[in-house]
Amino acid sequence: MCDHHAPRPAFRADRRRLLATLPAAALLAGLGLPPAHADAGPVELPRPGPRDTCPVCGMFVAQYPEWVATVLWNDGEAAHFDGAKDFFKYLADLEKYAPGRTTDQIAGMGVTEYYGLTLVDARHAQYVIGSDVYGPMGHELVPMMTDVDATDFMRDHSGKRRLRFGEVDLPLLTGLDEGRFE
């Protein structure tokens with residue numbers, strides 16, 4: 001009898017292990033678990049008017065639509081910024097820029113992502129620093145909507161670092177103003 005079609009015992013065991021994991025994999029896929037880093041979704045926030053100025057630097061924000069960032073307060077007031085860097089400076093020192101306000105009064109936050117120029121949820125965006133792309137205030141945190149966008153941008157624009165919302169702090173912002181990207 002010819003035995004060249006008979007599976008080897010090791011193959012049979014590997015196949016059993018694989019088949020045993022399929023129901024678990026199917027179950028996990030059906031749960032709709034989020035990816036490790038969720039993409040930043042679009043947000044609907046008020047757009048800046050022609051006379052709205054950045055509370056951090058004083059520039060007219062509407063002149064830079066590709067860089068707009070916005071904080072919407074729960075009382076309906078909005079603060080607009082000419083880039084993510086000033087947006088983060090504002091959040092880092094609310095006592096200075098928005099006396100009496102606290103972060104728990106924020107109803108929404110958005111940053112304009114680089115490729116689609118869409119206002120996306122600032123908490124879920126990725127930010128690239130140290131690239132060859134400059135904002136109205138020089139070195140900038142360039143917002144990205146997806147992980148793929150951030151990877152492509154890093155490659156295409158010589159980005160030095162990729163950050164999440166919670167990784168941005170005042171020393172990093174000061175470093176950006178000084179041209180440092182550590």
# chains A, B, ... in the order shown; residues from 1 in each chain; ligands from 1
$ select_by_dssp --residues "stretch 26-143 of chain A" --states "strand (DSSP E or B)" --output "ChimeraX atom specification"
/A:42,53,60,69-73,78-81,106-112,119-121,126-129,134-135,138-139,142-143
$ closest_atom_pairs --of "stretch 26-99 of chain A" --to "stretch 158-165 of chain A" --cutoff "12 Å" --atoms "only C-alpha atoms" --output "CSV"
residue,atom,partner,partner_atom,distance
A:His37,CA,A:Arg164,CA,9.5
A:Ala38,CA,A:Arg164,CA,11.0
A:Asp39,CA,A:Arg164,CA,11.2
A:Ala40,CA,A:Arg164,CA,10.9
A:Ala84,CA,A:Phe165,CA,10.5
A:Lys85,CA,A:Phe165,CA,11.5
A:Phe87,CA,A:Phe165,CA,11.3
A:Phe88,CA,A:Phe165,CA,9.1
A:Leu91,CA,A:Phe165,CA,11.2
A:Ala92,CA,A:Phe165,CA,11.9
$ atom_distance --atom1 "atom CA of A:Val111" --atom2 "atom CA of A:His80"
9.8 Å
$ closest_residue --among "A:Glu44, A:Asp86, A:Glu182, A:Asp52" --to "A:Glu140" --atoms "only C-alpha atoms"
A:Asp86
$ residues_around --residues "stretch 56-71 of chain A" --least-positions-apart "2" --cutoff "9 Å" --atoms "only C-alpha atoms" --output "ChimeraX atom specification"
/A:45-54,73,77-84,86-87,89-90,97,106-114,117-119,122,135-137,142-143
$ decode --residues "stretch 65-174 of chain A" --atoms "C-alpha atoms" --output "short mmCIF file (atom, residue, chain, number, x, y, z; two decimals), in the first residue's frame"
data_model
loop_
_atom_site.label_atom_id
_atom_site.label_comp_id
_atom_site.auth_asym_id
_atom_site.auth_seq_id
_atom_site.Cartn_x
_atom_site.Cartn_y
_atom_site.Cartn_z
CA PRO A 65 -7.91 76.25 8.27
CA GLU A 66 -5.55 73.30 7.73
CA TRP A 67 -4.24 73.69 11.30
CA VAL A 68 -7.39 74.54 13.32
CA ALA A 69 -7.88 72.90 16.70
CA THR A 70 -10.92 73.53 18.91
CA VAL A 71 -12.02 73.06 22.50
CA LEU A 72 -15.78 73.16 23.03
CA TRP A 73 -16.88 73.86 26.58
CA ASN A 74 -20.06 72.37 28.00
CA ASP A 75 -21.63 75.88 28.13
CA GLY A 76 -21.31 76.16 24.32
CA GLU A 77 -18.29 78.49 24.26
CA ALA A 78 -15.51 77.42 21.91
CA ALA A 79 -11.81 78.22 21.95
CA HIS A 80 -9.98 77.91 18.62
CA PHE A 81 -6.26 77.49 17.99
CA ASP A 82 -3.93 77.89 15.03
CA GLY A 83 -2.39 74.47 15.64
CA ALA A 84 -2.21 71.49 17.94
CA LYS A 85 0.83 72.94 19.75
CA ASP A 86 -1.10 75.96 21.06
CA PHE A 87 -4.11 73.71 21.74
CA PHE A 88 -1.95 71.58 24.05
CA LYS A 89 -0.35 74.63 25.68
CA TYR A 90 -3.86 75.87 26.49
CA LEU A 91 -4.86 72.53 28.02
CA ALA A 92 -1.62 72.36 30.01
CA ASP A 93 -2.28 75.76 31.65
CA LEU A 94 -6.03 76.32 31.86
CA GLU A 95 -5.52 78.56 34.91
CA LYS A 96 -3.64 81.02 32.69
CA TYR A 97 -5.66 80.77 29.46
CA ALA A 98 -9.17 79.88 30.75
CA PRO A 99 -9.41 80.94 34.41
CA GLY A 100 -12.17 79.11 36.28
CA ARG A 101 -12.39 76.30 33.71
CA THR A 102 -11.49 72.67 34.34
CA THR A 103 -11.02 69.76 31.96
CA ASP A 104 -14.21 68.09 33.18
CA GLN A 105 -16.13 71.01 31.63
CA ILE A 106 -14.89 70.15 28.14
CA ALA A 107 -17.65 68.86 25.85
CA GLY A 108 -15.42 68.14 22.85
CA MET A 109 -11.95 68.61 21.41
CA GLY A 110 -10.84 68.41 17.83
CA VAL A 111 -7.70 68.82 15.74
CA THR A 112 -7.45 69.06 11.96
CA GLU A 113 -5.80 65.93 10.64
CA TYR A 114 -3.14 66.40 7.98
CA TYR A 115 -4.26 64.33 5.00
CA GLY A 116 -8.03 64.84 4.81
CA LEU A 117 -8.15 68.20 6.61
CA THR A 118 -10.95 66.77 8.75
CA LEU A 119 -11.58 67.83 12.34
CA VAL A 120 -11.04 64.64 14.37
CA ASP A 121 -11.24 63.71 18.04
CA ALA A 122 -8.06 65.08 19.60
CA ARG A 123 -7.95 62.32 22.23
CA HIS A 124 -7.68 59.59 19.58
CA ALA A 125 -5.45 61.31 17.03
CA GLN A 126 -1.78 60.54 16.69
CA TYR A 127 0.71 63.39 16.55
CA VAL A 128 3.99 63.44 14.66
CA ILE A 129 6.79 65.82 15.64
CA GLY A 130 10.14 66.70 14.11
CA SER A 131 9.00 66.51 10.50
CA ASP A 132 9.73 68.79 7.58
CA VAL A 133 6.14 70.16 7.82
CA TYR A 134 5.78 73.40 9.77
CA GLY A 135 2.63 75.02 11.12
CA PRO A 136 1.84 78.72 11.56
CA MET A 137 3.91 78.75 14.78
CA GLY A 138 6.87 76.74 13.44
CA HIS A 139 7.57 73.21 14.64
CA GLU A 140 4.23 71.57 15.21
CA LEU A 141 2.46 68.44 16.39
CA VAL A 142 1.01 67.25 13.09
CA PRO A 143 -2.28 65.39 13.76
CA MET A 144 -2.98 62.08 12.04
CA MET A 145 -6.29 60.25 11.88
CA THR A 146 -4.98 56.69 11.58
CA ASP A 147 -1.96 54.58 12.36
CA VAL A 148 -1.38 54.09 8.62
CA ASP A 149 -1.45 57.87 8.07
CA ALA A 150 1.07 58.38 10.87
CA THR A 151 3.37 55.68 9.47
CA ASP A 152 3.20 57.13 5.95
CA PHE A 153 3.73 60.68 7.21
CA MET A 154 6.74 59.66 9.32
CA ARG A 155 8.31 58.07 6.24
CA ASP A 156 7.40 60.80 3.74
CA HIS A 157 8.16 63.82 5.94
CA SER A 158 11.09 62.62 8.07
CA GLY A 159 9.08 62.57 11.30
CA LYS A 160 11.12 61.99 14.43
CA ARG A 161 8.46 60.86 16.91
CA ARG A 162 4.86 59.71 17.06
CA LEU A 163 2.79 60.58 20.15
CA ARG A 164 -0.61 59.92 21.63
CA PHE A 165 -2.73 62.57 23.36
CA GLY A 166 -1.62 61.60 26.88
CA GLU A 167 2.06 61.73 25.96
CA VAL A 168 2.07 65.44 25.17
CA ASP A 169 3.28 67.59 28.07
CA LEU A 170 4.66 71.08 28.68
CA PRO A 171 8.37 70.10 28.44
CA LEU A 172 7.68 68.52 25.04
CA LEU A 173 5.87 71.68 23.87
CA THR A 174 8.75 73.86 25.09
#
